[in-house]
Amino acid sequence: MAAISKPAGQNLALAVLTAYLSMLARQPLATKACTTATLNFLQEEIAQRCSGMRADEQRQAKPKSLVERVVNKRVLQFALYGLLISGPLNHFLYEILNKVFAGRAKTKLNMFLTILAQNVVISPILNTVFLAANAVIAGERSVERVAAVVKARLLGMMKVSWVVFPCVQLFAAKALPPLVWVPFFNAVAFTFGTYFNTQGKIRALQAKRAQEKDGKDE
């Protein structure tokens with residue numbers, strides 16, 4: 001019986017995944033940092049365009065060059081944040097968690113404790129840093145204003161995380177080999193991060209327009 005060949009797209013996806021997992025095994029910190037930088041770049045670019053913020057900024061101030069028309073400074077800042085802060089922080093937090101639970105039997109109790117630690121300790125830290133960095137990149141400079149942004153948005157973000165991510169983590173633990181957990185969690189985090197980033201920009205744009213309208217009425 002002749003072997004059934006896989007579609008070219010499937011072969012390419014498998015080759016890319018294999019190469020990525022190989023890099024992840026050899027250079028975990030650098031690979032995670034570069035991955036986060038790339039995903040942050042895409043996340044911010046999508047959020048700016050989908051929220052209407054990019055079009056609003058271009059109406060108010062015409063880009064001076066082709067580069068500025070294609071990608072703005074905040075997108076690059078967000079990528080640098082992923083490369084230098086978010087990616088390494090995520091790596092080291094999970095390294096600590098893995099060391100805490102290293103050598104323990106894979107019982108339901110230990111699985112529950114691992115997921116609990118991820119959602120009660122690691123997730124709030126990562127989300128707080130994300131919101132603070134997002135506020136700084138958006139133009140906030142005072143500690144009070146950054147703290148206010150974090151306070152206003154963190155609980156809503158955590159509620160969604162506490163509902164969604166335990167299910168995602170249980171699915172990964174039950175259905176996926178540990179080797180592909182990192183790209184799987186990256187894909188899920190990218191999806192939700194893009195959603196929250198877009199929603200935050202929509203609210204900021206609505207508040208800005210409401211303020212401009214009130215100014216005109218006066």
# chains A, B, ... in the order shown; residues from 1 in each chain; ligands from 1
call {"tool": "residues_around", "arguments": {"residues": "region 69-86 of chain A", "least_positions_apart": "4", "cutoff": "12 Å", "atoms": "only C-alpha atoms", "output": "ChimeraX atom specification"}}
result
/A:29-49,53-55,57-59,61-65,90-93,123,125-139,190,197
call {"tool": "closest_residue", "arguments": {"among": "A:Phe101, A:Ile122, A:Thr114, A:Leu179", "to": "Ser22 (chain A)", "atoms": "only C-alpha atoms"}}
result
A:Leu179
call {"tool": "select_by_dssp", "arguments": {"residues": "region 48-156 of chain A", "states": "alpha helix (DSSP H)", "output": "ChimeraX atom specification"}}
result
/A:48-51,53-60,66-70,73-81,87-100,108-117,123-137,143-156
call {"tool": "atom_distance", "arguments": {"atom1": "CA of Ala152 (chain A)", "atom2": "CA of Asp56 (chain A)"}}
result
24.1 Å
call {"tool": "decode", "arguments": {"residues": "region 89-136 of chain A", "atoms": "N, CA and C atoms", "output": "PDB file, in the first residue's frame"}}
result
ATOM      1  N   LEU A  89      10.692  37.368  32.580  1.00  0.00           N
ATOM      2  CA  LEU A  89       9.953  37.239  33.834  1.00  0.00           C
ATOM      3  C   LEU A  89       9.103  35.974  33.830  1.00  0.00           C
ATOM      4  N   ASN A  90       8.405  35.733  32.737  1.00  0.00           N
ATOM      5  CA  ASN A  90       7.598  34.521  32.608  1.00  0.00           C
ATOM      6  C   ASN A  90       8.459  33.269  32.757  1.00  0.00           C
ATOM      7  N   HIS A  91       9.615  33.285  32.107  1.00  0.00           N
ATOM      8  CA  HIS A  91      10.525  32.139  32.160  1.00  0.00           C
ATOM      9  C   HIS A  91      10.969  31.868  33.600  1.00  0.00           C
ATOM     10  N   PHE A  92      11.423  32.884  34.307  1.00  0.00           N
ATOM     11  CA  PHE A  92      11.972  32.684  35.647  1.00  0.00           C
ATOM     12  C   PHE A  92      10.879  32.315  36.659  1.00  0.00           C
ATOM     13  N   LEU A  93       9.682  32.889  36.530  1.00  0.00           N
ATOM     14  CA  LEU A  93       8.600  32.537  37.442  1.00  0.00           C
ATOM     15  C   LEU A  93       8.222  31.062  37.306  1.00  0.00           C
ATOM     16  N   TYR A  94       8.148  30.588  36.072  1.00  0.00           N
ATOM     17  CA  TYR A  94       7.791  29.182  35.869  1.00  0.00           C
ATOM     18  C   TYR A  94       8.955  28.247  36.208  1.00  0.00           C
ATOM     19  N   GLU A  95      10.189  28.728  36.077  1.00  0.00           N
ATOM     20  CA  GLU A  95      11.327  27.933  36.525  1.00  0.00           C
ATOM     21  C   GLU A  95      11.258  27.726  38.032  1.00  0.00           C
ATOM     22  N   ILE A  96      10.902  28.784  38.768  1.00  0.00           N
ATOM     23  CA  ILE A  96      10.756  28.669  40.228  1.00  0.00           C
ATOM     24  C   ILE A  96       9.637  27.695  40.571  1.00  0.00           C
ATOM     25  N   LEU A  97       8.502  27.828  39.857  1.00  0.00           N
ATOM     26  CA  LEU A  97       7.374  26.929  40.110  1.00  0.00           C
ATOM     27  C   LEU A  97       7.756  25.478  39.833  1.00  0.00           C
ATOM     28  N   ASN A  98       8.472  25.248  38.739  1.00  0.00           N
ATOM     29  CA  ASN A  98       8.887  23.881  38.403  1.00  0.00           C
ATOM     30  C   ASN A  98       9.827  23.308  39.455  1.00  0.00           C
ATOM     31  N   LYS A  99      10.695  24.144  40.022  1.00  0.00           N
ATOM     32  CA  LYS A  99      11.599  23.666  41.061  1.00  0.00           C
ATOM     33  C   LYS A  99      10.844  23.338  42.345  1.00  0.00           C
ATOM     34  N   VAL A 100       9.813  24.144  42.645  1.00  0.00           N
ATOM     35  CA  VAL A 100       9.017  23.896  43.851  1.00  0.00           C
ATOM     36  C   VAL A 100       8.326  22.533  43.772  1.00  0.00           C
ATOM     37  N   PHE A 101       7.821  22.199  42.585  1.00  0.00           N
ATOM     38  CA  PHE A 101       7.074  20.950  42.426  1.00  0.00           C
ATOM     39  C   PHE A 101       7.906  19.831  41.807  1.00  0.00           C
ATOM     40  N   ALA A 102       9.198  20.045  41.645  1.00  0.00           N
ATOM     41  CA  ALA A 102      10.067  19.015  41.060  1.00  0.00           C
ATOM     42  C   ALA A 102      10.130  17.791  41.967  1.00  0.00           C
ATOM     43  N   GLY A 103      10.053  16.617  41.353  1.00  0.00           N
ATOM     44  CA  GLY A 103      10.184  15.382  42.119  1.00  0.00           C
ATOM     45  C   GLY A 103       8.918  14.912  42.794  1.00  0.00           C
ATOM     46  N   ARG A 104       7.858  15.714  42.747  1.00  0.00           N
ATOM     47  CA  ARG A 104       6.602  15.302  43.370  1.00  0.00           C
ATOM     48  C   ARG A 104       5.827  14.371  42.440  1.00  0.00           C
ATOM     49  N   ALA A 105       5.105  13.464  43.052  1.00  0.00           N
ATOM     50  CA  ALA A 105       4.302  12.534  42.264  1.00  0.00           C
ATOM     51  C   ALA A 105       3.208  13.300  41.516  1.00  0.00           C
ATOM     52  N   LYS A 106       2.869  12.816  40.314  1.00  0.00           N
ATOM     53  CA  LYS A 106       1.858  13.484  39.491  1.00  0.00           C
ATOM     54  C   LYS A 106       0.455  13.065  39.918  1.00  0.00           C
ATOM     55  N   THR A 107       0.101  13.472  41.143  1.00  0.00           N
ATOM     56  CA  THR A 107      -1.226  13.165  41.674  1.00  0.00           C
ATOM     57  C   THR A 107      -2.177  14.314  41.356  1.00  0.00           C
ATOM     58  N   LYS A 108      -3.460  14.060  41.552  1.00  0.00           N
ATOM     59  CA  LYS A 108      -4.463  15.104  41.322  1.00  0.00           C
ATOM     60  C   LYS A 108      -4.250  16.278  42.281  1.00  0.00           C
ATOM     61  N   LEU A 109      -3.822  15.980  43.503  1.00  0.00           N
ATOM     62  CA  LEU A 109      -3.579  17.046  44.480  1.00  0.00           C
ATOM     63  C   LEU A 109      -2.443  17.954  44.020  1.00  0.00           C
ATOM     64  N   ASN A 110      -1.339  17.357  43.574  1.00  0.00           N
ATOM     65  CA  ASN A 110      -0.208  18.166  43.117  1.00  0.00           C
ATOM     66  C   ASN A 110      -0.541  18.937  41.843  1.00  0.00           C
ATOM     67  N   MET A 111      -1.346  18.338  40.964  1.00  0.00           N
ATOM     68  CA  MET A 111      -1.790  19.053  39.776  1.00  0.00           C
ATOM     69  C   MET A 111      -2.642  20.263  40.173  1.00  0.00           C
ATOM     70  N   PHE A 112      -3.520  20.059  41.158  1.00  0.00           N
ATOM     71  CA  PHE A 112      -4.359  21.156  41.642  1.00  0.00           C
ATOM     72  C   PHE A 112      -3.510  22.259  42.267  1.00  0.00           C
ATOM     73  N   LEU A 113      -2.517  21.878  43.071  1.00  0.00           N
ATOM     74  CA  LEU A 113      -1.661  22.868  43.722  1.00  0.00           C
ATOM     75  C   LEU A 113      -0.832  23.651  42.703  1.00  0.00           C
ATOM     76  N   THR A 114      -0.389  22.971  41.639  1.00  0.00           N
ATOM     77  CA  THR A 114       0.372  23.651  40.582  1.00  0.00           C
ATOM     78  C   THR A 114      -0.492  24.687  39.877  1.00  0.00           C
ATOM     79  N   ILE A 115      -1.698  24.278  39.508  1.00  0.00           N
ATOM     80  CA  ILE A 115      -2.618  25.210  38.834  1.00  0.00           C
ATOM     81  C   ILE A 115      -2.997  26.349  39.766  1.00  0.00           C
ATOM     82  N   LEU A 116      -3.185  26.046  41.051  1.00  0.00           N
ATOM     83  CA  LEU A 116      -3.519  27.095  42.029  1.00  0.00           C
ATOM     84  C   LEU A 116      -2.391  28.113  42.133  1.00  0.00           C
ATOM     85  N   ALA A 117      -1.147  27.638  42.189  1.00  0.00           N
ATOM     86  CA  ALA A 117      -0.005  28.549  42.278  1.00  0.00           C
ATOM     87  C   ALA A 117       0.112  29.407  41.025  1.00  0.00           C
ATOM     88  N   GLN A 118      -0.147  28.811  39.864  1.00  0.00           N
ATOM     89  CA  GLN A 118      -0.090  29.565  38.614  1.00  0.00           C
ATOM     90  C   GLN A 118      -1.108  30.694  38.600  1.00  0.00           C
ATOM     91  N   ASN A 119      -2.304  30.423  39.111  1.00  0.00           N
ATOM     92  CA  ASN A 119      -3.396  31.389  39.014  1.00  0.00           C
ATOM     93  C   ASN A 119      -3.451  32.373  40.177  1.00  0.00           C
ATOM     94  N   VAL A 120      -2.900  32.015  41.316  1.00  0.00           N
ATOM     95  CA  VAL A 120      -2.942  32.894  42.488  1.00  0.00           C
ATOM     96  C   VAL A 120      -1.657  33.704  42.640  1.00  0.00           C
ATOM     97  N   VAL A 121      -0.545  33.172  42.146  1.00  0.00           N
ATOM     98  CA  VAL A 121       0.745  33.858  42.307  1.00  0.00           C
ATOM     99  C   VAL A 121       1.276  34.385  40.971  1.00  0.00           C
ATOM    100  N   ILE A 122       1.491  33.479  40.013  1.00  0.00           N
ATOM    101  CA  ILE A 122       2.161  33.864  38.777  1.00  0.00           C
ATOM    102  C   ILE A 122       1.287  34.755  37.899  1.00  0.00           C
ATOM    103  N   SER A 123       0.046  34.365  37.670  1.00  0.00           N
ATOM    104  CA  SER A 123      -0.832  35.135  36.783  1.00  0.00           C
ATOM    105  C   SER A 123      -1.042  36.574  37.251  1.00  0.00           C
ATOM    106  N   PRO A 124      -1.321  36.820  38.558  1.00  0.00           N
ATOM    107  CA  PRO A 124      -1.453  38.223  38.993  1.00  0.00           C
ATOM    108  C   PRO A 124      -0.183  39.046  38.787  1.00  0.00           C
ATOM    109  N   ILE A 125       0.982  38.434  38.985  1.00  0.00           N
ATOM    110  CA  ILE A 125       2.240  39.158  38.787  1.00  0.00           C
ATOM    111  C   ILE A 125       2.395  39.539  37.313  1.00  0.00           C
ATOM    112  N   LEU A 126       2.207  38.565  36.428  1.00  0.00           N
ATOM    113  CA  LEU A 126       2.369  38.829  34.998  1.00  0.00           C
ATOM    114  C   LEU A 126       1.343  39.842  34.493  1.00  0.00           C
ATOM    115  N   ASN A 127       0.100  39.733  34.952  1.00  0.00           N
ATOM    116  CA  ASN A 127      -0.938  40.665  34.501  1.00  0.00           C
ATOM    117  C   ASN A 127      -0.704  42.076  35.037  1.00  0.00           C
ATOM    118  N   THR A 128      -0.217  42.172  36.274  1.00  0.00           N
ATOM    119  CA  THR A 128       0.092  43.490  36.840  1.00  0.00           C
ATOM    120  C   THR A 128       1.210  44.174  36.069  1.00  0.00           C
ATOM    121  N   VAL A 129       2.263  43.410  35.773  1.00  0.00           N
ATOM    122  CA  VAL A 129       3.385  43.971  35.003  1.00  0.00           C
ATOM    123  C   VAL A 129       2.908  44.365  33.606  1.00  0.00           C
ATOM    124  N   PHE A 130       2.064  43.529  32.995  1.00  0.00           N
ATOM    125  CA  PHE A 130       1.543  43.830  31.663  1.00  0.00           C
ATOM    126  C   PHE A 130       0.751  45.136  31.666  1.00  0.00           C
ATOM    127  N   LEU A 131      -0.159  45.298  32.629  1.00  0.00           N
ATOM    128  CA  LEU A 131      -0.983  46.508  32.678  1.00  0.00           C
ATOM    129  C   LEU A 131      -0.147  47.746  32.966  1.00  0.00           C
ATOM    130  N   ALA A 132       0.835  47.609  33.858  1.00  0.00           N
ATOM    131  CA  ALA A 132       1.707  48.742  34.168  1.00  0.00           C
ATOM    132  C   ALA A 132       2.524  49.149  32.945  1.00  0.00           C
ATOM    133  N   ALA A 133       3.092  48.178  32.253  1.00  0.00           N
ATOM    134  CA  ALA A 133       3.874  48.480  31.060  1.00  0.00           C
ATOM    135  C   ALA A 133       2.997  49.085  29.970  1.00  0.00           C
ATOM    136  N   ASN A 134       1.791  48.545  29.831  1.00  0.00           N
ATOM    137  CA  ASN A 134       0.857  49.064  28.837  1.00  0.00           C
ATOM    138  C   ASN A 134       0.527  50.528  29.117  1.00  0.00           C
ATOM    139  N   ALA A 135       0.363  50.860  30.409  1.00  0.00           N
ATOM    140  CA  ALA A 135       0.058  52.247  30.784  1.00  0.00           C
ATOM    141  C   ALA A 135       1.232  53.173  30.484  1.00  0.00           C
ATOM    142  N   VAL A 136       2.443  52.718  30.791  1.00  0.00           N
ATOM    143  CA  VAL A 136       3.634  53.530  30.531  1.00  0.00           C
ATOM    144  C   VAL A 136       3.822  53.750  29.035  1.00  0.00           C
TER     145      VAL A 136
END
